[in-house]
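A short worksheet on the structure shown next.
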Amino acid sequence: MRNAASVVWQKLFEEQEYAFITGDLGFMALEPVRDKLGKWFINGGISEQNIVSVAAGMSKMGVQTWAYSIAPFIYARPFEQIRNDVCLNKLPVKLVGNGGGYAYGSMGSSHHAIEDYGVMLTLQGMNVHVPAFAEDVEHAVRRMATTPEPAYLRLGRCEKPKDFVLPAYAPWRQLLEGEGPVLVVIGPLVGSYIAPLLALAPSKRPSLWVLTEMPAGLDELPELMIQEIKAGRSLVVVEEHVAHGSAGHHLLARLHAQAIAPATFQHFCAQGYPSGFYGSQVYHRQESNIDANHVLKAILG
Amino acid sequence: MTANHTASPHTKHSVSRDDYARFPEIQRAARLRLLQMHYESKVGHIGGNLSCLDAILFLHHFVMQPADQFVLSKGHSVGALYIGLWSIGRLSDTDLQQFHKDHTHLAGHPVAGWMPEIAVATGSLGHGFPVAAGMAKGKQLQDQPGRVYCLMSDGEWQEGSNWEALIFAAHQNLDRLTVLVDVNGLQGFGSTTEVASMAGLRQRIEAFGATVRELDGHRPAALQELLATPEQGFQVILLNTIKGKGVSFMEAKMEWHYLPLTAEQFVQAQNEVRQA
């Protein structure tokens with residue numbers, strides 16, 4: 001998705017002036033952005049606290065500013081800078097984290113971001129975008145560019161099956177119809193569920209939904225999904241994020257506030273490093289039991 | 001509740017640059033008003049306010065222009081900023097009575113979005129300089145007039161984020177940025193020498209490529225150097241100051257980082273300032 005974002009950022013600069021500051025990351029992806037933006041592209045060096053504060057200061061002076069690093073480096077180390085300098089000052093800084101969840105795989109736990117959007121959602125005015133497919137990235141970037149609030153973009157790896165046709169972009173999309181449980185997946189992980197679900201008969205297949213924006217998506221739940229839940233179907237949420245601050249918990253709270261109770265609720269989420277061993281993104285998904293094989297067995301038997 | 005100052009223009013105060021002779025009078029009135037405000041609100045942080053008050057007054061009366069921005073990185077000295085803004089007529093006595101009260105904008109550290117002279121919320125040390133660097137970069141990119149003045153404490157340099165900002169400011173040649181450091185030598189639980197030594201701060205900063213000057217932070221004749229045309233590039237000015245300046249029992253005493261005034265101390269402090 002990073003390359004898709006790179007293309008969008010180049011297009012965006014033809015439409016509006018903005019600055020882009022990186023914490024010395026972006027090799028093999030951001031070079032065209034650097035070349036396109038010229039003086040508006042700043043490599044701030046390996047200094048995540050500083051680049052977030054600088055982005056806030058530039059934003060204060062009317063420069064829309066995007067601050068980029070890999071996901072754990074842009075939300076964890078400079079958390080206070082995001083909270084104080086960006087959010088408390090109500091400055092529309094755009095934060096970009098590449099490689100959300102376990103995407104950096106065997107690079108190790110320091111490079112994983114499995115608490116990112118939960119943490120970001122605790123901050124006042126913050127919007128979170130977790131595009132699920134490469135095609136979503138342009139929508140996410142454009143929405144971020146036009147919102148007067150701060151935002152965090154979690155980029156991952158597009159896992160969409162080659163011939164799968166996506167419905168039009170929206171914060172909530174139903175990707176597959178089915179008469180089974182209501183299955184909500186957050187972000188790119190959903191791509192790995194499409195092929196296994198297409199192999200199931202519609203009578204058994206879960207109704208597959210993907211959520212890519214928070215809190216906006218949580219504020220307006222799709223009516224069709226609500227009807228499915230009200231009809232007595234179970235609700236299953238899967239995400240590459242820890243339970244605390246998760247989309248699953250937020251969603252359950254929103255449903256409860258509307259006096260909507262699913263027949264059952266199952267939540268599959270990142271468990272950290274239960275074995276103490278490390279590996280690829282697929283390996284960590286399996287360890288956390290959020291891979292499609294495990295989840296479908298657990299909910300369908 | 002304080003009045004809404006957001007819509008007010010950042011107008012230049014009425015004191016002209018030729019009125020330096022009035023500065024002692026301005027200083028005295030401001031010190032008295034600061035003591036009164038802190039006494040009435042029963043809050044501390046007086047020592048660090050008095051160490052930087054003169055610089056804030058001089059900046060706001062004589063140096064800063066409408067296109068300039070001020071960032072108070074040592075947010076615990078916001079009392080001095082409120083008094084500075086009162087001194088140039090941007091805050092009223094009624095406003096100052098709301099200091100530290102419920103339903104106020106005049107909190108114990110700057111909060112954002114209610115008057116243009118308080119550009120950003122600060123209070124957690126090590127934030128103001130990097131944000132000011134971003135503001136200066138924003139001005140540089142857009143070729144906007146004016147400078148960004150950022151006032152820090154000396155102990156605050158123990159925060160690593162400032163050294164990131166220093167690298168950035170020097171490398172980006174942020175020629176619209178002036179960082180002032182209130183070097184009073186005291187911090188929250190000891191001196192800046194005994195806690196985590198800040199000795200040789202000038203040399204350390206210079207080693208990063210910044211131009212550094214040292215001034216007496218209380219003498220008007222020295223503060224007038226702030227008016228000098230800034231040298232090319234980003235600059236840091238170390239203001240040698242005294243914590244609790246102007247009140248004998250507070251001067252160079254660490255405890256006045258925290259203590260509120262008793263009634264007797266308030267009277268004594270007022271008398272000393274009046275007679276100085």
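Ordered as shown in the structure tokens, chains take letters A, B, and onward, while each chain numbers its residues from 1 and ligands are numbered from 1 in the order shown.
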- [ ] Would you return as a ChimeraX atom specification the members of region 1-168 of chain B that DSSP assigns to alpha helix (DSSP H) on this structure's backbone?
- [x] /B:23-41,46-58,78-87,93-96,128-142,160-168
Contact check, chain B to chain A, at most 10 Å, counting only C-alpha atoms, closest pairs as JSON lines:
```
{"residue": "B:Gln69", "atom": "CA", "partner": "A:Met61", "partner_atom": "CA", "distance": 9.9}
{"residue": "B:Val111", "atom": "CA", "partner": "A:Asn89", "partner_atom": "CA", "distance": 8.0}
{"residue": "B:Ala112", "atom": "CA", "partner": "A:Asn89", "partner_atom": "CA", "distance": 5.6}
{"residue": "B:Gly113", "atom": "CA", "partner": "A:Asn89", "partner_atom": "CA", "distance": 7.0}
{"residue": "B:Ala119", "atom": "CA", "partner": "A:Lys60", "partner_atom": "CA", "distance": 8.2}
{"residue": "B:Val120", "atom": "CA", "partner": "A:Asn89", "partner_atom": "CA", "distance": 6.1}
{"residue": "B:Ala121", "atom": "CA", "partner": "A:Asn89", "partner_atom": "CA", "distance": 6.2}
{"residue": "B:Thr122", "atom": "CA", "partner": "A:Asn84", "partner_atom": "CA", "distance": 7.4}
{"residue": "B:Gly123", "atom": "CA", "partner": "A:Asn84", "partner_atom": "CA", "distance": 9.0}
{"residue": "B:Ser124", "atom": "CA", "partner": "A:Asn84", "partner_atom": "CA", "distance": 8.1}
{"residue": "B:Gly126", "atom": "CA", "partner": "A:Gln81", "partner_atom": "CA", "distance": 9.5}
{"residue": "B:His127", "atom": "CA", "partner": "A:Ser53", "partner_atom": "CA", "distance": 7.0}
{"residue": "B:Gly128", "atom": "CA", "partner": "A:Ser53", "partner_atom": "CA", "distance": 8.4}
{"residue": "B:Phe129", "atom": "CA", "partner": "A:Ser53", "partner_atom": "CA", "distance": 8.7}
{"residue": "B:Pro130", "atom": "CA", "partner": "A:Ser53", "partner_atom": "CA", "distance": 5.4}
{"residue": "B:Val131", "atom": "CA", "partner": "A:Gly57", "partner_atom": "CA", "distance": 4.4}
{"residue": "B:Ala132", "atom": "CA", "partner": "A:Gly57", "partner_atom": "CA", "distance": 5.9}
{"residue": "B:Ala133", "atom": "CA", "partner": "A:Val54", "partner_atom": "CA", "distance": 6.0}
{"residue": "B:Gly134", "atom": "CA", "partner": "A:Val54", "partner_atom": "CA", "distance": 3.7}
{"residue": "B:Met135", "atom": "CA", "partner": "A:Gly57", "partner_atom": "CA", "distance": 4.2}
{"residue": "B:Ala136", "atom": "CA", "partner": "A:Met58", "partner_atom": "CA", "distance": 7.5}
{"residue": "B:Lys137", "atom": "CA", "partner": "A:Met58", "partner_atom": "CA", "distance": 6.4}
{"residue": "B:Gly138", "atom": "CA", "partner": "A:Met58", "partner_atom": "CA", "distance": 4.5}
{"residue": "B:Lys139", "atom": "CA", "partner": "A:Met61", "partner_atom": "CA", "distance": 6.8}
{"residue": "B:Gln140", "atom": "CA", "partner": "A:Met58", "partner_atom": "CA", "distance": 9.8}
{"residue": "B:Leu141", "atom": "CA", "partner": "A:Trp40", "partner_atom": "CA", "distance": 7.3}
{"residue": "B:Gln142", "atom": "CA", "partner": "A:Val63", "partner_atom": "CA", "distance": 8.3}
{"residue": "B:Gln144", "atom": "CA", "partner": "A:Met61", "partner_atom": "CA", "distance": 9.3}
{"residue": "B:Gly160", "atom": "CA", "partner": "A:Gln49", "partner_atom": "CA", "distance": 9.2}
{"residue": "B:Ser161", "atom": "CA", "partner": "A:Asn50", "partner_atom": "CA", "distance": 6.2}
{"residue": "B:Asn162", "atom": "CA", "partner": "A:Asn50", "partner_atom": "CA", "distance": 8.0}
{"residue": "B:Trp163", "atom": "CA", "partner": "A:Asn50", "partner_atom": "CA", "distance": 9.0}
{"residue": "B:Glu164", "atom": "CA", "partner": "A:Asn50", "partner_atom": "CA", "distance": 5.9}
{"residue": "B:Ala165", "atom": "CA", "partner": "A:Asn50", "partner_atom": "CA", "distance": 5.8}
{"residue": "B:Leu166", "atom": "CA", "partner": "A:Asn50", "partner_atom": "CA", "distance": 9.5}
{"residue": "B:Ile167", "atom": "CA", "partner": "A:Gly45", "partner_atom": "CA", "distance": 8.9}
{"residue": "B:Phe168", "atom": "CA", "partner": "A:Gly44", "partner_atom": "CA", "distance": 6.6}
{"residue": "B:Ala169", "atom": "CA", "partner": "A:Gly44", "partner_atom": "CA", "distance": 9.9}
{"residue": "B:His171", "atom": "CA", "partner": "A:Gly44", "partner_atom": "CA", "distance": 9.2}
{"residue": "B:Gln172", "atom": "CA", "partner": "A:Gly44", "partner_atom": "CA", "distance": 9.0}
```
Arg77 (chain A) proximity check over A:Ala231, A:Leu25, A:Ala113, A:Ala168, using only C-alpha atoms: winner is A:Ala113
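Neighbours of Leu57 (chain B) closer than or equal to 10 Å, with only C-alpha atoms counted and sequence neighbours fewer than 6 positions away skipped, come out as Phe23, Ile26, Gln27, Ala30, Val63, Ala80, Leu81, Ile83, Gly84, Leu85, Trp86, Ser87 and Ile88 of chain B.
Excluding Thr241 (chain B) and any residue on its chain fewer than 4 positions from it, the residues at most 7 Å away by only C-alpha atoms are Ser51, Asp182, Val183, Asn184, Asp216, Gly217 and His218 of chain B.
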Taking all heavy atoms for each residue, export the selection above as a short mmCIF file (atom, residue, chain, number, x, y, z; two decimals), in the first residue's frame.
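And here's part-v9.cif as it stands now:
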```
data_model
loop_
_atom_site.label_atom_id
_atom_site.label_comp_id
_atom_site.auth_asym_id
_atom_site.auth_seq_id
_atom_site.Cartn_x
_atom_site.Cartn_y
_atom_site.Cartn_z
N SER B 51 12.10 34.90 37.15
CA SER B 51 13.37 34.85 36.42
C SER B 51 13.20 35.17 34.95
O SER B 51 14.11 35.71 34.32
CB SER B 51 14.06 33.49 36.61
OG SER B 51 13.34 32.46 35.98
N ASP B 182 16.10 30.62 29.72
CA ASP B 182 16.11 31.27 31.04
C ASP B 182 17.06 30.48 31.94
O ASP B 182 16.68 29.48 32.55
CB ASP B 182 14.67 31.24 31.58
CG ASP B 182 14.56 31.86 32.96
OD1 ASP B 182 15.52 32.51 33.41
OD2 ASP B 182 13.50 31.69 33.59
N VAL B 183 18.30 30.91 31.98
CA VAL B 183 19.33 30.17 32.72
C VAL B 183 19.36 30.67 34.17
O VAL B 183 20.15 31.53 34.54
CB VAL B 183 20.72 30.33 32.06
CG1 VAL B 183 21.74 29.42 32.76
CG2 VAL B 183 20.66 30.00 30.58
N ASN B 184 18.45 30.12 34.97
CA ASN B 184 18.44 30.52 36.39
C ASN B 184 19.14 29.49 37.27
O ASN B 184 19.28 29.68 38.48
CB ASN B 184 17.02 30.81 36.89
CG ASN B 184 16.11 29.60 36.85
OD1 ASN B 184 16.54 28.47 37.02
ND2 ASN B 184 14.82 29.84 36.64
N ASP B 216 22.52 39.32 30.07
CA ASP B 216 21.92 39.45 31.39
C ASP B 216 20.40 39.53 31.18
O ASP B 216 19.92 40.42 30.48
CB ASP B 216 22.45 40.73 32.06
CG ASP B 216 21.90 40.89 33.47
OD1 ASP B 216 20.70 40.62 33.69
OD2 ASP B 216 22.66 41.32 34.36
N GLY B 217 19.70 38.61 31.77
CA GLY B 217 18.25 38.53 31.52
C GLY B 217 17.41 39.50 32.30
O GLY B 217 16.18 39.44 32.23
N HIS B 218 18.03 40.37 33.03
CA HIS B 218 17.25 41.32 33.83
C HIS B 218 17.57 42.79 33.51
O HIS B 218 16.75 43.65 33.74
CB HIS B 218 17.51 41.08 35.33
CG HIS B 218 17.10 39.73 35.80
ND1 HIS B 218 15.80 39.26 35.70
CD2 HIS B 218 17.80 38.70 36.35
CE1 HIS B 218 15.72 38.04 36.18
NE2 HIS B 218 16.93 37.66 36.57
#
```
Counting only C-alpha atoms, what is within 7 Å of region 249-264 of chain A, bar same-chain residues fewer than 2 positions away, as a short mmCIF file (atom, residue, chain, number, x, y, z; two decimals) with C-alpha atoms, in the first residue's frame?
```
data_model
loop_
_atom_site.label_atom_id
_atom_site.label_comp_id
_atom_site.auth_asym_id
_atom_site.auth_seq_id
_atom_site.Cartn_x
_atom_site.Cartn_y
_atom_site.Cartn_z
CA LEU A 218 -18.29 3.33 14.57
CA ILE A 229 -27.44 -8.82 14.01
CA LYS A 230 -31.00 -8.11 15.06
CA GLY A 232 -30.24 -13.28 15.69
CA ARG A 233 -26.93 -13.85 13.98
CA SER A 234 -23.72 -14.10 15.94
CA LEU A 235 -21.17 -11.28 15.70
CA GLY A 245 -8.83 -0.18 22.56
CA SER A 246 -9.81 -2.53 19.77
CA ALA A 247 -12.45 -2.00 17.12
CA GLN A 266 -16.55 -13.63 19.52
#
```
- List the neighbours of Gly156 (chain A) out to 7 Å using only C-alpha atoms; skip same-chain residues closer than 6 positions along the sequence, and give me the result as a PyMOL selection string. chain A and resi 1+98-100+103+188
Checklist line | Contact residues around Glu213 (chain A) with only C-alpha atoms at 6 Å, ignoring same-chain residues under 5 positions, as a PyMOL selection string | finding: chain A and resi 128-129+171
The selected residues should be written to file as a tab-separated table (two decimals), in the first residue's frame (atoms: N, CA, C and O atoms).
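Generated output (selection-v3.tsv):
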```tsv
chain	number	residue	atom	x	y	z
A	128	VAL	N	-8.81	7.71	12.50
A	128	VAL	CA	-7.96	6.59	12.12
A	128	VAL	C	-8.44	6.00	10.79
A	128	VAL	O	-9.65	5.80	10.59
A	129	HIS	N	-7.51	5.77	9.89
A	129	HIS	CA	-7.81	5.14	8.61
A	129	HIS	C	-6.97	3.87	8.50
A	129	HIS	O	-5.75	3.92	8.62
A	171	PRO	N	-16.59	3.69	4.58
A	171	PRO	CA	-15.97	3.24	5.85
A	171	PRO	C	-16.38	1.82	6.22
A	171	PRO	O	-15.58	1.08	6.79
```
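CA of Ser41 (chain B) sits 6.4 Å away from CA of His100 (chain B).
Here the residues within region 152-203 of chain B that DSSP labels strand (DSSP E) on the basis of the backbone are Met152, Ser153, Leu177, Thr178, Val179, Leu180, Val181, Asp182, Val183, Leu186, Gln187, Gly190 and Ser191 of chain B.
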Taking N, CA, C and O atoms for each residue, export the selection above as an mmCIF file, in the first residue's frame.
```cif
data_model
loop_
_atom_site.group_PDB
_atom_site.id
_atom_site.type_symbol
_atom_site.label_atom_id
_atom_site.label_comp_id
_atom_site.auth_asym_id
_atom_site.auth_seq_id
_atom_site.Cartn_x
_atom_site.Cartn_y
_atom_site.Cartn_z
ATOM 1 N N MET B 152 12.626 28.966 26.730
ATOM 2 C CA MET B 152 12.805 27.675 27.410
ATOM 3 C C MET B 152 13.422 27.883 28.781
ATOM 4 O O MET B 152 13.931 28.946 29.094
ATOM 5 N N SER B 153 13.462 26.822 29.570
ATOM 6 C CA SER B 153 14.231 26.851 30.810
ATOM 7 C C SER B 153 15.572 26.158 30.563
ATOM 8 O O SER B 153 15.759 25.506 29.519
ATOM 9 N N LEU B 177 13.939 31.786 13.579
ATOM 10 C CA LEU B 177 13.730 31.231 14.921
ATOM 11 C C LEU B 177 14.777 31.767 15.902
ATOM 12 O O LEU B 177 15.977 31.706 15.643
ATOM 13 N N THR B 178 14.294 32.287 17.011
ATOM 14 C CA THR B 178 15.170 32.678 18.124
ATOM 15 C C THR B 178 14.725 31.909 19.356
ATOM 16 O O THR B 178 13.560 31.991 19.749
ATOM 17 N N VAL B 179 15.625 31.158 19.932
ATOM 18 C CA VAL B 179 15.338 30.422 21.163
ATOM 19 C C VAL B 179 16.020 31.140 22.313
ATOM 20 O O VAL B 179 17.225 31.415 22.258
ATOM 21 N N LEU B 180 15.246 31.488 23.317
ATOM 22 C CA LEU B 180 15.787 32.118 24.519
ATOM 23 C C LEU B 180 15.745 31.114 25.651
ATOM 24 O O LEU B 180 14.742 30.412 25.829
ATOM 25 N N VAL B 181 16.828 31.044 26.399
ATOM 26 C CA VAL B 181 16.903 30.093 27.506
ATOM 27 C C VAL B 181 17.037 30.861 28.812
ATOM 28 O O VAL B 181 17.951 31.669 28.972
ATOM 29 N N ASP B 182 16.105 30.618 29.721
ATOM 30 C CA ASP B 182 16.110 31.267 31.042
ATOM 31 C C ASP B 182 17.064 30.475 31.942
ATOM 32 O O ASP B 182 16.682 29.480 32.554
ATOM 33 N N VAL B 183 18.303 30.914 31.982
ATOM 34 C CA VAL B 183 19.328 30.174 32.718
ATOM 35 C C VAL B 183 19.357 30.670 34.165
ATOM 36 O O VAL B 183 20.153 31.533 34.537
ATOM 37 N N LEU B 186 18.386 26.655 38.447
ATOM 38 C CA LEU B 186 17.645 25.812 39.396
ATOM 39 C C LEU B 186 16.539 25.065 38.668
ATOM 40 O O LEU B 186 15.915 25.594 37.748
ATOM 41 N N GLN B 187 16.290 23.868 39.104
ATOM 42 C CA GLN B 187 15.186 23.108 38.531
ATOM 43 C C GLN B 187 14.332 22.542 39.649
ATOM 44 O O GLN B 187 14.358 23.061 40.775
ATOM 45 N N GLY B 190 16.578 20.500 42.694
ATOM 46 C CA GLY B 190 17.993 20.758 42.884
ATOM 47 C C GLY B 190 18.478 21.770 41.868
ATOM 48 O O GLY B 190 17.687 22.381 41.143
ATOM 49 N N SER B 191 19.777 21.950 41.817
ATOM 50 C CA SER B 191 20.333 22.881 40.834
ATOM 51 C C SER B 191 20.612 22.131 39.535
ATOM 52 O O SER B 191 20.728 20.900 39.514
#
```
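When CA of Glu14 (chain A) is paired with CA of Tyr68 (chain A), their separation reads 19.7 Å.
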